[in-house]
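Participant: Just input02.pdb, nothing more (PDB, C-alpha atoms and all ligand atoms):
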```pdb
ATOM      1  CA  MET G 297      11.394   5.502  -7.334
ATOM      2  CA  THR G 298      13.620   8.173  -5.780
ATOM      3  CA  HIS G 299      12.346  10.492  -3.107
ATOM      4  CA  ALA G 300      14.532  13.555  -3.428
ATOM      5  CA  TYR G 301      13.126  16.016  -0.933
ATOM      6  CA  ILE G 302      11.816  19.176  -2.528
ATOM      7  CA  ASN G 303      10.263  21.928  -0.437
ATOM      8  CA  PRO G 304       6.559  21.113  -0.406
ATOM      9  CA  ARG G 305       4.030  23.588  -1.782
ATOM     10  CA  TYR G 306       1.204  24.513   0.595
ATOM     11  CA  GLN G 307      -1.208  26.402  -1.615
ATOM     12  CA  THR G 308      -4.651  26.940  -0.185
ATOM     13  CA  THR G 309      -7.407  29.386   0.579
ATOM     14  CA  LYS G 310      -6.814  28.747   4.273
ATOM     15  CA  GLU G 311      -3.293  28.762   5.751
ATOM     16  CA  THR G 312      -4.105  27.003   9.020
ATOM     17  CA  SER G 313      -5.568  23.973   7.262
ATOM     18  CA  ALA G 314      -2.567  23.354   5.080
ATOM     19  CA  PHE G 315      -0.851  20.558   6.963
ATOM     20  CA  ILE G 316      -0.790  18.629   3.684
ATOM     21  CA  PRO G 317       1.058  20.093   0.675
ATOM     22  CA  SER G 318      -0.608  20.545  -2.705
ATOM     23  CA  ASP G 319       2.218  19.293  -4.881
ATOM     24  CA  GLU G 320       2.510  16.616  -7.522
ATOM     25  CA  GLU G 321       3.685  13.938  -5.099
ATOM     26  CA  GLN G 322       0.664  14.559  -2.877
ATOM     27  CA  PHE G 323      -1.767  14.358  -5.791
ATOM     28  CA  GLU G 324      -0.084  11.112  -6.935
ATOM     29  CA  THR G 325      -0.575   9.855  -3.380
ATOM     30  CA  TYR G 326      -4.326  10.507  -3.704
ATOM     31  CA  GLU G 327      -4.436   8.704  -7.035
ATOM     32  CA  ALA G 328      -2.748   5.631  -5.565
ATOM     33  CA  GLY G 329      -5.102   5.703  -2.547
ATOM     34  CA  HIS G 330      -8.101   5.926  -4.868
ATOM     35  CA  ILE G 331      -6.915   2.902  -6.869
ATOM     36  CA  VAL G 332      -6.374   0.867  -3.687
ATOM     37  CA  ASP G 333      -9.900   1.752  -2.562
ATOM     38  CA  LEU G 334     -11.292   0.633  -5.938
ATOM     39  CA  LEU G 335      -9.307  -2.613  -5.896
ATOM     40  CA  MET G 336     -10.317  -3.432  -2.340
ATOM     41  CA  ASN G 337     -13.977  -2.980  -3.302
ATOM     42  CA  SER G 338     -13.794  -4.503  -6.777
ATOM     43  CA  ASP G 339     -16.032  -7.399  -5.740
ATOM     44  CA  HIS G 340     -18.920  -4.921  -5.576
ATOM     45  CA  HIS G 341     -20.968  -3.850  -8.583
ATOM     46  CA  ASN G 342     -20.183  -0.214  -7.692
ATOM     47  CA  PRO G 343     -16.739   0.002  -6.052
ATOM     48  CA  LEU G 344     -17.029   3.782  -5.559
ATOM     49  CA  PHE G 345     -19.582   3.840  -2.762
ATOM     50  CA  ARG G 346     -21.856   1.496  -0.890
ATOM     51  CA  ALA G 347     -24.810   3.787  -0.057
ATOM     52  CA  PRO G 348     -27.922   2.711  -2.008
ATOM     53  CA  VAL G 349     -27.927   5.786  -4.240
ATOM     54  CA  GLY G 350     -28.896   5.065  -7.833
ATOM     55  CA  GLU G 351     -28.687   6.593 -11.272
ATOM     56  CA  ASP G 352     -31.639   8.856 -10.512
ATOM     57  CA  ALA G 353     -29.538  10.789  -7.959
ATOM     58  CA  GLN G 354     -29.442  14.464  -8.871
ATOM     59  CA  HIS G 355     -26.659  15.889  -6.709
ATOM     60  CA  ILE G 356     -23.603  14.290  -5.118
ATOM     61  CA  LEU G 357     -20.890  16.138  -3.174
ATOM     62  CA  ASP G 358     -17.316  14.982  -2.436
ATOM     63  CA  ILE G 359     -15.829  16.933   0.475
ATOM     64  CA  GLY G 360     -12.026  17.298   0.478
ATOM     65  CA  THR G 361     -11.917  15.940  -3.065
ATOM     66  CA  GLY G 362      -8.102  16.254  -3.364
ATOM     67  CA  ALA G 363      -7.278  15.659  -7.027
ATOM     68  CA  GLY G 364     -10.940  14.883  -7.752
ATOM     69  CA  HIS G 365     -10.438  11.203  -8.678
ATOM     70  CA  TRP G 366     -13.524   9.970  -6.827
ATOM     71  CA  ALA G 367     -15.778  12.790  -8.042
ATOM     72  CA  ILE G 368     -14.694  12.321 -11.677
ATOM     73  CA  ASP G 369     -15.221   8.548 -11.557
ATOM     74  CA  VAL G 370     -18.668   8.952  -9.980
ATOM     75  CA  ALA G 371     -19.626  11.518 -12.633
ATOM     76  CA  ASP G 372     -18.512   9.081 -15.367
ATOM     77  CA  ARG G 373     -20.586   6.307 -13.847
ATOM     78  CA  PHE G 374     -23.680   8.464 -13.222
ATOM     79  CA  PRO G 375     -23.931  10.739 -16.288
ATOM     80  CA  ARG G 376     -27.312  12.166 -15.226
ATOM     81  CA  THR G 377     -26.043  13.228 -11.769
ATOM     82  CA  LEU G 378     -24.285  16.526 -11.054
ATOM     83  CA  VAL G 379     -21.201  15.630  -9.013
ATOM     84  CA  ARG G 380     -19.370  18.379  -7.142
ATOM     85  CA  GLY G 381     -15.936  17.997  -5.585
ATOM     86  CA  VAL G 382     -14.782  20.686  -3.172
ATOM     87  CA  ASP G 383     -11.359  21.347  -1.709
ATOM     88  CA  ILE G 384      -9.318  24.212  -0.317
ATOM     89  CA  PHE G 385      -6.635  23.231  -2.867
ATOM     90  CA  PRO G 386      -7.203  23.756  -6.582
ATOM     91  CA  PRO G 387      -7.274  20.237  -8.086
ATOM     92  CA  PRO G 388      -4.680  19.637 -10.835
ATOM     93  CA  VAL G 389      -7.145  18.754 -13.581
ATOM     94  CA  ASN G 390      -7.619  20.229 -17.033
ATOM     95  CA  TRP G 391     -10.718  18.254 -17.948
ATOM     96  CA  THR G 392     -13.715  16.876 -16.089
ATOM     97  CA  PRO G 393     -16.862  15.147 -17.387
ATOM     98  CA  PRO G 394     -19.567  17.732 -18.184
ATOM     99  CA  ASN G 395     -21.557  16.662 -15.098
ATOM    100  CA  CYS G 396     -18.601  17.142 -12.697
ATOM    101  CA  ILE G 397     -17.662  20.461 -11.077
ATOM    102  CA  LEU G 398     -14.516  20.796  -8.976
ATOM    103  CA  GLU G 399     -14.624  23.857  -6.738
ATOM    104  CA  VAL G 400     -12.127  25.593  -4.473
ATOM    105  CA  ASP G 401     -13.823  26.357  -1.179
ATOM    106  CA  ASP G 402     -13.591  25.809   2.557
ATOM    107  CA  VAL G 403     -16.366  23.514   3.791
ATOM    108  CA  LEU G 404     -16.122  25.061   7.249
ATOM    109  CA  GLN G 405     -17.580  28.260   5.852
ATOM    110  CA  GLU G 406     -21.318  28.721   5.249
ATOM    111  CA  TRP G 407     -22.313  26.526   2.292
ATOM    112  CA  THR G 408     -23.688  28.346  -0.717
ATOM    113  CA  TRP G 409     -25.060  25.271  -2.554
ATOM    114  CA  SER G 410     -28.819  25.537  -2.467
ATOM    115  CA  GLN G 411     -29.775  22.097  -3.832
ATOM    116  CA  PRO G 412     -30.105  19.166  -1.418
ATOM    117  CA  PHE G 413     -27.608  16.324  -1.924
ATOM    118  CA  ASP G 414     -28.525  12.666  -2.457
ATOM    119  CA  LEU G 415     -25.076  11.653  -1.207
ATOM    120  CA  ILE G 416     -22.193  13.417   0.514
ATOM    121  CA  HIS G 417     -18.890  11.535   0.421
ATOM    122  CA  LEU G 418     -15.673  12.110   2.372
ATOM    123  CA  ARG G 419     -12.436  10.106   2.297
ATOM    124  CA  ILE G 420      -9.186  10.339   4.267
ATOM    125  CA  MET G 421      -9.992  13.485   6.215
ATOM    126  CA  GLU G 422      -8.038  12.452   9.352
ATOM    127  CA  ALA G 423      -6.324  15.421  11.103
ATOM    128  CA  SER G 424      -8.024  17.980   8.858
ATOM    129  CA  PHE G 425     -10.409  19.404  11.480
ATOM    130  CA  THR G 426     -10.662  20.229  15.183
ATOM    131  CA  PRO G 427     -13.311  18.202  17.070
ATOM    132  CA  GLU G 428     -15.612  21.262  17.083
ATOM    133  CA  GLU G 429     -15.129  21.774  13.354
ATOM    134  CA  LEU G 430     -15.994  18.122  12.741
ATOM    135  CA  ASP G 431     -19.213  18.406  14.744
ATOM    136  CA  ARG G 432     -20.182  21.476  12.733
ATOM    137  CA  LEU G 433     -19.268  19.778   9.463
ATOM    138  CA  TYR G 434     -21.453  16.723  10.110
ATOM    139  CA  GLN G 435     -24.332  18.972  11.170
ATOM    140  CA  GLN G 436     -23.915  20.935   7.962
ATOM    141  CA  CYS G 437     -23.901  17.676   5.955
ATOM    142  CA  TYR G 438     -27.050  16.558   7.741
ATOM    143  CA  GLN G 439     -28.837  19.803   6.918
ATOM    144  CA  LYS G 440     -27.806  19.723   3.253
ATOM    145  CA  ILE G 441     -28.630  16.072   2.531
ATOM    146  CA  ARG G 442     -32.193  15.500   1.339
ATOM    147  CA  PRO G 443     -34.478  13.455   3.612
ATOM    148  CA  GLY G 444     -33.664   9.811   2.841
ATOM    149  CA  GLY G 445     -30.267  10.789   1.355
ATOM    150  CA  TRP G 446     -26.926   9.334   2.462
ATOM    151  CA  ILE G 447     -23.525  10.210   3.889
ATOM    152  CA  GLU G 448     -20.542   7.942   3.266
ATOM    153  CA  GLN G 449     -16.994   8.227   4.562
ATOM    154  CA  VAL G 450     -13.823   6.145   4.263
ATOM    155  CA  GLU G 451     -11.003   6.571   6.758
ATOM    156  CA  LEU G 452      -7.633   4.839   7.141
ATOM    157  CA  THR G 453      -5.551   4.261  10.246
ATOM    158  CA  ILE G 454      -2.310   6.158  10.479
ATOM    159  CA  ASP G 455      -1.152   3.183  12.580
ATOM    160  CA  LEU G 456       0.529   0.327  10.793
ATOM    161  CA  PHE G 457      -0.275  -3.251  11.797
ATOM    162  CA  CYS G 458       1.272  -6.675  11.448
ATOM    163  CA  ASP G 459      -0.464  -9.884  12.595
ATOM    164  CA  ASP G 460       2.452 -12.334  12.503
ATOM    165  CA  ASP G 461       5.183 -10.455  14.424
ATOM    166  CA  SER G 462       7.299 -10.172  11.261
ATOM    167  CA  LEU G 463       7.635  -6.409  11.894
ATOM    168  CA  PRO G 464      10.113  -5.571  14.713
ATOM    169  CA  LYS G 465       8.517  -3.704  17.615
ATOM    170  CA  ASP G 466      11.239  -1.015  17.548
ATOM    171  CA  SER G 467      10.833  -0.333  13.811
ATOM    172  CA  ALA G 468       9.975   3.099  12.429
ATOM    173  CA  ALA G 469       6.796   1.537  10.979
ATOM    174  CA  SER G 470       5.658   0.324  14.422
ATOM    175  CA  ARG G 471       6.111   3.823  15.875
ATOM    176  CA  TRP G 472       4.812   5.827  12.923
ATOM    177  CA  GLY G 473       1.203   6.061  14.095
ATOM    178  CA  GLU G 474       2.059   7.151  17.623
ATOM    179  CA  ILE G 475       4.606   9.779  16.530
ATOM    180  CA  ASN G 476       2.214  11.390  14.075
ATOM    181  CA  ARG G 477      -0.828  11.090  16.349
ATOM    182  CA  LYS G 478       1.000  13.014  19.113
ATOM    183  CA  ALA G 479       1.982  15.779  16.686
ATOM    184  CA  ALA G 480      -1.547  16.072  15.235
ATOM    185  CA  GLU G 481      -2.972  16.274  18.736
ATOM    186  CA  LYS G 482      -0.559  19.088  19.679
ATOM    187  CA  CYS G 483      -1.586  20.857  16.468
ATOM    188  CA  GLY G 484      -5.225  20.762  17.646
ATOM    189  CA  ARG G 485      -6.538  18.535  14.853
ATOM    190  CA  PRO G 486      -6.326  15.055  16.340
ATOM    191  CA  CYS G 487      -6.162  11.791  14.421
ATOM    192  CA  ASP G 488      -9.196  10.247  16.103
ATOM    193  CA  LEU G 489     -11.639  10.219  13.212
ATOM    194  CA  PHE G 490     -11.050   6.543  12.417
ATOM    195  CA  ALA G 491     -11.972   5.617  15.999
ATOM    196  CA  THR G 492     -14.945   7.973  16.326
ATOM    197  CA  LEU G 493     -16.470   7.973  12.847
ATOM    198  CA  GLU G 494     -19.699   5.976  13.444
ATOM    199  CA  LYS G 495     -20.323   7.830  16.711
ATOM    200  CA  ARG G 496     -19.943  11.254  15.104
ATOM    201  CA  ILE G 497     -22.198  10.349  12.195
ATOM    202  CA  GLN G 498     -24.791   8.905  14.558
ATOM    203  CA  GLU G 499     -24.650  11.981  16.825
ATOM    204  CA  ALA G 500     -25.316  14.205  13.813
ATOM    205  CA  GLY G 501     -28.683  12.430  13.446
ATOM    206  CA  PHE G 502     -28.023   9.847  10.729
ATOM    207  CA  VAL G 503     -29.619   6.410  11.045
ATOM    208  CA  ASP G 504     -29.259   2.968   9.442
ATOM    209  CA  ILE G 505     -25.503   3.095  10.000
ATOM    210  CA  HIS G 506     -23.382   0.517   8.180
ATOM    211  CA  VAL G 507     -19.700  -0.155   8.793
ATOM    212  CA  GLN G 508     -17.217  -2.034   6.611
ATOM    213  CA  ASP G 509     -13.787  -2.836   8.059
ATOM    214  CA  GLN G 510     -10.899  -3.902   5.835
ATOM    215  CA  LYS G 511      -7.195  -4.550   6.072
ATOM    216  CA  TRP G 512      -5.265  -2.877   3.274
ATOM    217  CA  PRO G 513      -1.936  -4.723   2.773
ATOM    218  CA  ILE G 514       1.176  -2.606   2.206
ATOM    219  CA  GLY G 515       3.430  -4.430  -0.237
ATOM    220  CA  PRO G 516       2.884  -7.502  -2.423
ATOM    221  CA  TRP G 517       3.197  -9.946   0.486
ATOM    222  CA  PRO G 518      -0.345 -11.467   0.494
ATOM    223  CA  ARG G 519      -0.824 -14.756  -1.412
ATOM    224  CA  ASP G 520      -4.248 -13.740  -2.739
ATOM    225  CA  LYS G 521      -3.853 -12.245  -6.239
ATOM    226  CA  LEU G 522      -6.171  -9.271  -5.694
ATOM    227  CA  LEU G 523      -4.701  -8.424  -2.289
ATOM    228  CA  LYS G 524      -1.208  -8.702  -3.759
ATOM    229  CA  GLU G 525      -2.133  -6.176  -6.438
ATOM    230  CA  ALA G 526      -3.807  -3.877  -3.911
ATOM    231  CA  GLY G 527      -0.742  -4.226  -1.649
ATOM    232  CA  LEU G 528       1.585  -3.176  -4.473
ATOM    233  CA  VAL G 529      -0.442  -0.016  -5.146
ATOM    234  CA  ASN G 530      -0.867   0.674  -1.430
ATOM    235  CA  LEU G 531       2.917   0.455  -1.059
ATOM    236  CA  GLN G 532       3.203   3.260  -3.634
ATOM    237  CA  HIS G 533       0.440   5.123  -1.793
ATOM    238  CA  TRP G 534       2.501   5.069   1.395
ATOM    239  CA  LEU G 535       5.910   5.630  -0.234
ATOM    240  CA  LEU G 536       4.558   8.704  -1.990
ATOM    241  CA  GLY G 537       2.543   9.983   0.970
ATOM    242  CA  VAL G 538       4.725   9.735   4.075
ATOM    243  CA  GLU G 539       6.615  12.966   3.473
ATOM    244  CA  GLY G 540       3.512  15.041   2.716
ATOM    245  CA  TYR G 541       1.543  13.680   5.649
ATOM    246  CA  SER G 542       4.333  14.056   8.227
ATOM    247  CA  MET G 543       6.584  17.015   7.355
ATOM    248  CA  PHE G 544       4.376  19.850   8.624
ATOM    249  CA  HIS G 545       3.281  18.057  11.785
ATOM    250  CA  LEU G 546       6.711  16.776  12.829
ATOM    251  CA  THR G 547       8.649  19.981  12.064
ATOM    252  CA  ASN G 548       6.100  22.076  13.975
ATOM    253  CA  TYR G 549       4.721  19.757  16.653
ATOM    254  CA  GLY G 550       7.162  16.801  16.814
ATOM    255  CA  ASP G 551       7.835  15.127  20.150
ATOM    256  CA  PRO G 552       9.452  16.116  22.474
ATOM    257  CA  VAL G 553      10.456  19.211  20.452
ATOM    258  CA  PRO G 554       9.815  20.031  16.790
ATOM    259  CA  TRP G 555      12.019  17.887  14.547
ATOM    260  CA  THR G 556      14.367  19.367  11.977
ATOM    261  CA  ARG G 557      13.537  18.725   8.333
ATOM    262  CA  ALA G 558      16.630  16.538   8.098
ATOM    263  CA  GLU G 559      15.406  14.415  11.023
ATOM    264  CA  VAL G 560      12.040  13.888   9.343
ATOM    265  CA  ILE G 561      13.700  12.980   6.038
ATOM    266  CA  VAL G 562      16.015  10.446   7.700
ATOM    267  CA  HIS G 563      13.155   8.940   9.701
ATOM    268  CA  ASN G 564      10.951   8.686   6.628
ATOM    269  CA  ALA G 565      13.739   7.050   4.621
ATOM    270  CA  LYS G 566      13.954   4.361   7.331
ATOM    271  CA  LEU G 567      10.174   3.934   7.264
ATOM    272  CA  ARG G 568      10.151   3.588   3.479
ATOM    273  CA  SER G 569      12.826   0.923   3.498
ATOM    274  CA  GLU G 570      10.816  -1.040   6.079
ATOM    275  CA  LEU G 571       7.628  -0.707   4.029
ATOM    276  CA  LYS G 572       9.509  -2.112   1.028
ATOM    277  CA  ASN G 573      10.841  -5.084   2.995
ATOM    278  CA  PRO G 574       8.882  -8.123   1.698
ATOM    279  CA  HIS G 575       9.474  -9.994   4.958
ATOM    280  CA  TYR G 576       7.419  -7.452   6.923
ATOM    281  CA  HIS G 577       3.705  -8.207   6.519
ATOM    282  CA  ILE G 578       2.412  -4.702   7.154
ATOM    283  CA  TYR G 579      -1.076  -3.325   6.623
ATOM    284  CA  ASN G 580      -3.242  -0.346   7.531
ATOM    285  CA  LYS G 581      -6.899  -0.661   8.428
ATOM    286  CA  SER G 582      -9.699   1.026   6.550
ATOM    287  CA  LYS G 583     -13.212   1.778   7.679
ATOM    288  CA  ARG G 584     -16.158   2.706   5.466
ATOM    289  CA  VAL G 585     -19.277   4.082   7.126
ATOM    290  CA  TRP G 586     -22.483   4.867   5.308
ATOM    291  CA  ALA G 587     -25.664   6.136   6.922
ATOM    292  CA  GLN G 588     -28.986   7.704   6.009
ATOM    293  CA  LYS G 589     -30.732  10.920   6.873
ATOM    294  CA  PRO G 590     -34.199   9.834   8.058
ATOM    295  CA  SER G 591     -37.035  10.291   5.618
ATOM    296  CA  ASP G 592     -40.661  10.527   6.718
ATOM    297  CA  ASP G 593     -41.175   6.817   6.300
ATOM    298  CA  SER G 594     -37.858   5.730   7.795
ATOM    299  CA  GLN G 595     -38.885   5.775  11.447
ATOM    300  CA  ASN G 596     -38.349   2.033  11.790
ATOM    301  CA  LEU G 597     -34.756   2.101  10.638
ATOM    302  CA  SER G 598     -32.274   1.103  13.263
ATOM    303  CA  ASN G 599     -29.446   3.444  14.098
ATOM    304  CA  THR G 600     -27.369   0.670  15.545
ATOM    305  CA  ALA G 601     -24.079   0.326  13.708
ATOM    306  CA  ARG G 602     -23.939  -2.832  11.605
ATOM    307  CA  ARG G 603     -20.676  -4.468  10.716
ATOM    308  CA  ALA G 604     -20.403  -5.712   7.136
ATOM    309  CA  ASP G 605     -17.757  -7.403   5.017
ATOM    310  CA  GLN G 606     -15.302  -8.180   7.801
ATOM    311  CA  SER G 607     -11.991  -8.958   6.168
TER     312      SER G 607
HETATM  313  C1  LIG O   1      -5.899  13.453   2.608
HETATM  314  S1  LIG O   1      -6.698  14.451   1.461
HETATM  315  C2  LIG O   1      -7.942  13.352   0.790
HETATM  316  C3  LIG O   1      -8.249  13.637  -0.648
HETATM  317  C4  LIG O   1      -9.361  12.789  -1.285
HETATM  318  N1  LIG O   1     -10.554  12.789  -0.443
HETATM  319  C5  LIG O   1      -8.918  11.397  -1.574
HETATM  320  O1  LIG O   1      -9.366  10.457  -0.920
HETATM  321  O2  LIG O   1      -8.092  11.239  -2.512
HETATM  322  C6  LIG O   1      -7.695  15.559   2.446
HETATM  323  C7  LIG O   1      -8.214  16.698   1.608
HETATM  324  O3  LIG O   1      -9.104  17.486   2.393
HETATM  325  C8  LIG O   1      -8.942  18.825   2.025
HETATM  326  N2  LIG O   1      -9.481  19.725   3.060
HETATM  327  C9  LIG O   1      -9.006  19.918   4.308
HETATM  328  N3  LIG O   1      -9.721  20.865   4.956
HETATM  329  C10 LIG O   1     -10.677  21.264   4.088
HETATM  330  C11 LIG O   1     -11.713  22.244   4.162
HETATM  331  N4  LIG O   1     -11.885  22.953   5.257
HETATM  332  N5  LIG O   1     -12.520  22.426   3.080
HETATM  333  C12 LIG O   1     -12.330  21.694   1.953
HETATM  334  N6  LIG O   1     -11.362  20.745   1.815
HETATM  335  C13 LIG O   1     -10.540  20.538   2.874
HETATM  336  C14 LIG O   1      -7.425  18.938   1.853
HETATM  337  O4  LIG O   1      -7.070  20.065   1.099
HETATM  338  C15 LIG O   1      -7.101  17.616   1.156
HETATM  339  O5  LIG O   1      -7.117  17.731  -0.241
END
```
Just give me the structure of the file as structure tokens.
Ligand SMILES: C[S@@+](CC[C@H](N)C(=O)[O-])C[C@H]1O[C@@H](n2cnc3c(N)ncnc32)[C@H](O)[C@@H]1O
Facilitator:
Amino acid sequence: MTHAYINPRYQTTKETSAFIPSDEEQFETYEAGHIVDLLMNSDHHNPLFRAPVGEDAQHILDIGTGAGHWAIDVADRFPRTLVRGVDIFPPPVNWTPPNCILEVDDVLQEWTWSQPFDLIHLRIMEASFTPEELDRLYQQCYQKIRPGGWIEQVELTIDLFCDDDSLPKDSAASRWGEINRKAAEKCGRPCDLFATLEKRIQEAGFVDIHVQDQKWPIGPWPRDKLLKEAGLVNLQHWLLGVEGYSMFHLTNYGDPVPWTRAEVIVHNAKLRSELKNPHYHIYNKSKRVWAQKPSDDSQNLSNTARRADQS
């Protein structure tokens, strides 16, 4: 795959939020990320979400739906449920199942949906909101979920990890997380959601909090067949995504001064060649949190975070 740099398209209802472009490469990135998520959860009956929400659910919302992959798959699986996906970018889809609606809207504005949701889902929303906006968003979710309904969110680290020292400490991959975290922080939308997710959800009032931690391999280096397959797709996810996720931040807020586009392109080319190196056993972490809005009879539920499926 070649990565000729084309000026990214930032098309949105809200200019300040557009740190990610809305071009084909970005939407392909989302598709690859969605497939990795499905593969990494393929041992579960329902790989799309873990909250105990069944076929009798009436309304499900996917916030920051991107290209709508998750919302469309959930609508296919739950034909009697109305699944909404909302994003500030228009999703590039011509067809959705009849029970799926993809809407262009800013979730930081007052919500106009009147029906309570059985489940609200979010995935990969790191660096999209200020801390205050996040607090407001979770409060809004809490208000709009029916009593006994669920919230579920999946986040990935921007940091790259390696457990066997095969990745050199001075590599672009080792420094990628720190470089981008600094820029996001300067921009005012920090990359701290992965680290603070359970706490934020708990502070919004949700209880019965469950946490699943995973390591998502990057590249086909694992021996395990499923992880090898997931690693291959996750490699594409990263190869496709690095430009979109870094260009705005580094050219506007790069350290110590904003980088030129050429500097970002050169740096990303180095990163990509490291990601493709089969001798480097690189992975990112993922965290899935699901939690319930208390119902009248849920007073005994614990709001202590539980760790599940350590891998
Ligand atoms: C990294 S993408 C994740 C896409 C999708 N959730 C997935 O996993 O494939 C984050 C998405 O959040 C959307 N987003 C950011 N701020 C938003 C807002 N205020 N309202 C609605 N969507 C927003 C972005 O446009 C982008 O599509």
Participant: Translate the PyMOL selection byres (((chain G and resi 538-546) around 10) and not hetatm), as applied to the file shown, into an explicit residue set as a short mmCIF file (atom, residue, chain, number, x, y, z; two decimals) with C-alpha atoms, keeping the file's coordinate frame.
Facilitator:
```
data_model
loop_
_atom_site.label_atom_id
_atom_site.label_comp_id
_atom_site.auth_asym_id
_atom_site.auth_seq_id
_atom_site.Cartn_x
_atom_site.Cartn_y
_atom_site.Cartn_z
CA HIS G 299 12.35 10.49 -3.11
CA TYR G 301 13.13 16.02 -0.93
CA ASN G 303 10.26 21.93 -0.44
CA PRO G 304 6.56 21.11 -0.41
CA ARG G 305 4.03 23.59 -1.78
CA TYR G 306 1.20 24.51 0.60
CA ALA G 314 -2.57 23.35 5.08
CA PHE G 315 -0.85 20.56 6.96
CA ILE G 316 -0.79 18.63 3.68
CA PRO G 317 1.06 20.09 0.68
CA SER G 318 -0.61 20.54 -2.70
CA ASP G 319 2.22 19.29 -4.88
CA GLU G 321 3.68 13.94 -5.10
CA GLN G 322 0.66 14.56 -2.88
CA THR G 325 -0.57 9.86 -3.38
CA ALA G 423 -6.32 15.42 11.10
CA ILE G 454 -2.31 6.16 10.48
CA TRP G 472 4.81 5.83 12.92
CA ILE G 475 4.61 9.78 16.53
CA ASN G 476 2.21 11.39 14.08
CA ARG G 477 -0.83 11.09 16.35
CA LYS G 478 1.00 13.01 19.11
CA ALA G 479 1.98 15.78 16.69
CA ALA G 480 -1.55 16.07 15.24
CA GLU G 481 -2.97 16.27 18.74
CA LYS G 482 -0.56 19.09 19.68
CA CYS G 483 -1.59 20.86 16.47
CA HIS G 533 0.44 5.12 -1.79
CA TRP G 534 2.50 5.07 1.40
CA LEU G 535 5.91 5.63 -0.23
CA LEU G 536 4.56 8.70 -1.99
CA GLY G 537 2.54 9.98 0.97
CA THR G 547 8.65 19.98 12.06
CA ASN G 548 6.10 22.08 13.98
CA TYR G 549 4.72 19.76 16.65
CA GLY G 550 7.16 16.80 16.81
CA ASP G 551 7.84 15.13 20.15
CA VAL G 553 10.46 19.21 20.45
CA PRO G 554 9.82 20.03 16.79
CA TRP G 555 12.02 17.89 14.55
CA THR G 556 14.37 19.37 11.98
CA ARG G 557 13.54 18.73 8.33
CA GLU G 559 15.41 14.42 11.02
CA VAL G 560 12.04 13.89 9.34
CA ILE G 561 13.70 12.98 6.04
CA HIS G 563 13.16 8.94 9.70
CA ASN G 564 10.95 8.69 6.63
CA ALA G 565 13.74 7.05 4.62
CA LEU G 567 10.17 3.93 7.26
CA ARG G 568 10.15 3.59 3.48
#
```
Participant: So which residues get picked by the PyMOL selection byres (((not hetatm)) within 6 of (chain O and resi 1)) here, written as a ChimeraX atom specification?
Facilitator: /G:313,326,330,360-362,382-385,401-404,418-421,424
Participant: Skip stretch 331-342 of chain G itself and residues of its chain fewer than 4 positions away, then list as a PDB file with C-alpha atoms, in the frame of the given file all residues within 7 Å of it, counting all atoms listed in the file.
Facilitator:
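Dumped everything to selection_12.pdb:
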```
ATOM      1  CA  GLU G 327      -4.436   8.704  -7.035  1.00  0.00           C
ATOM      2  CA  ALA G 526      -3.807  -3.877  -3.911  1.00  0.00           C
ATOM      3  CA  VAL G 529      -0.442  -0.016  -5.146  1.00  0.00           C
ATOM      4  CA  ASN G 530      -0.867   0.674  -1.430  1.00  0.00           C
TER       5      ASN G 530
END
```
Participant: Need to verify the contact set: G:Leu463, 10 Å, all atoms listed in the file, exclusion of same-chain residues closer than 3 positions in sequence. Can you return it as a ChimeraX atom specification?
Facilitator: /G:456-460,466-470,570-571,573,575-578
Participant: Would you please work out which residue, of G:Ala347, G:Leu430, G:Gly444, G:Glu422, is nearest to G:Phe490 when using all atoms listed in the file?
Facilitator: G:Glu422
Participant: Quick one: of G:Glu474, G:Asp461, G:Glu324, G:Glu494, who's nearest to G:Val585, counting only C-alpha atoms?
Facilitator: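 Nearest candidate to G:Val585 out of G:Glu474, G:Asp461, G:Glu324, G:Glu494: G:Glu494.
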Participant: If you count only C-alpha atoms, which residues fall within 12 Å of G:Phe413, apart from same-chain ones fewer than 6 positions away, as a compact mmCIF listing (two decimals) with C-alpha atoms, keeping the file's coordinate frame?
Facilitator:
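Saved the output as part12.txt:
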```txt
# COMPACT_ATOMS: atom_id res chain seq x y z
CA VAL G 349 -27.93 5.79 -4.24
CA ALA G 353 -29.54 10.79 -7.96
CA GLN G 354 -29.44 14.46 -8.87
CA HIS G 355 -26.66 15.89 -6.71
CA ILE G 356 -23.60 14.29 -5.12
CA LEU G 357 -20.89 16.14 -3.17
CA ASP G 358 -17.32 14.98 -2.44
CA THR G 377 -26.04 13.23 -11.77
CA LEU G 378 -24.28 16.53 -11.05
CA VAL G 379 -21.20 15.63 -9.01
CA ARG G 380 -19.37 18.38 -7.14
CA GLN G 436 -23.92 20.94 7.96
CA CYS G 437 -23.90 17.68 5.96
CA TYR G 438 -27.05 16.56 7.74
CA GLN G 439 -28.84 19.80 6.92
CA LYS G 440 -27.81 19.72 3.25
CA ILE G 441 -28.63 16.07 2.53
CA ARG G 442 -32.19 15.50 1.34
CA PRO G 443 -34.48 13.46 3.61
CA GLY G 444 -33.66 9.81 2.84
CA GLY G 445 -30.27 10.79 1.36
CA TRP G 446 -26.93 9.33 2.46
CA ILE G 447 -23.52 10.21 3.89
CA GLN G 588 -28.99 7.70 6.01
CA LYS G 589 -30.73 10.92 6.87
```
Participant: Mind telling me what the PyMOL selection byres (((chain G and resi 398) around 8) and not hetatm) catches here, as a PyMOL selection string?
Facilitator: chain G and resi 364+380-383+387+396-397+399-400
Participant: For G:Arg432, which residue out of G:Ile497, G:Ala491, G:Arg471, G:Val370 is the nearest one, using only C-alpha atoms?
Facilitator: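 Of G:Ile497, G:Ala491, G:Arg471, G:Val370, the one nearest G:Arg432, counting only C-alpha atoms, is G:Ile497.
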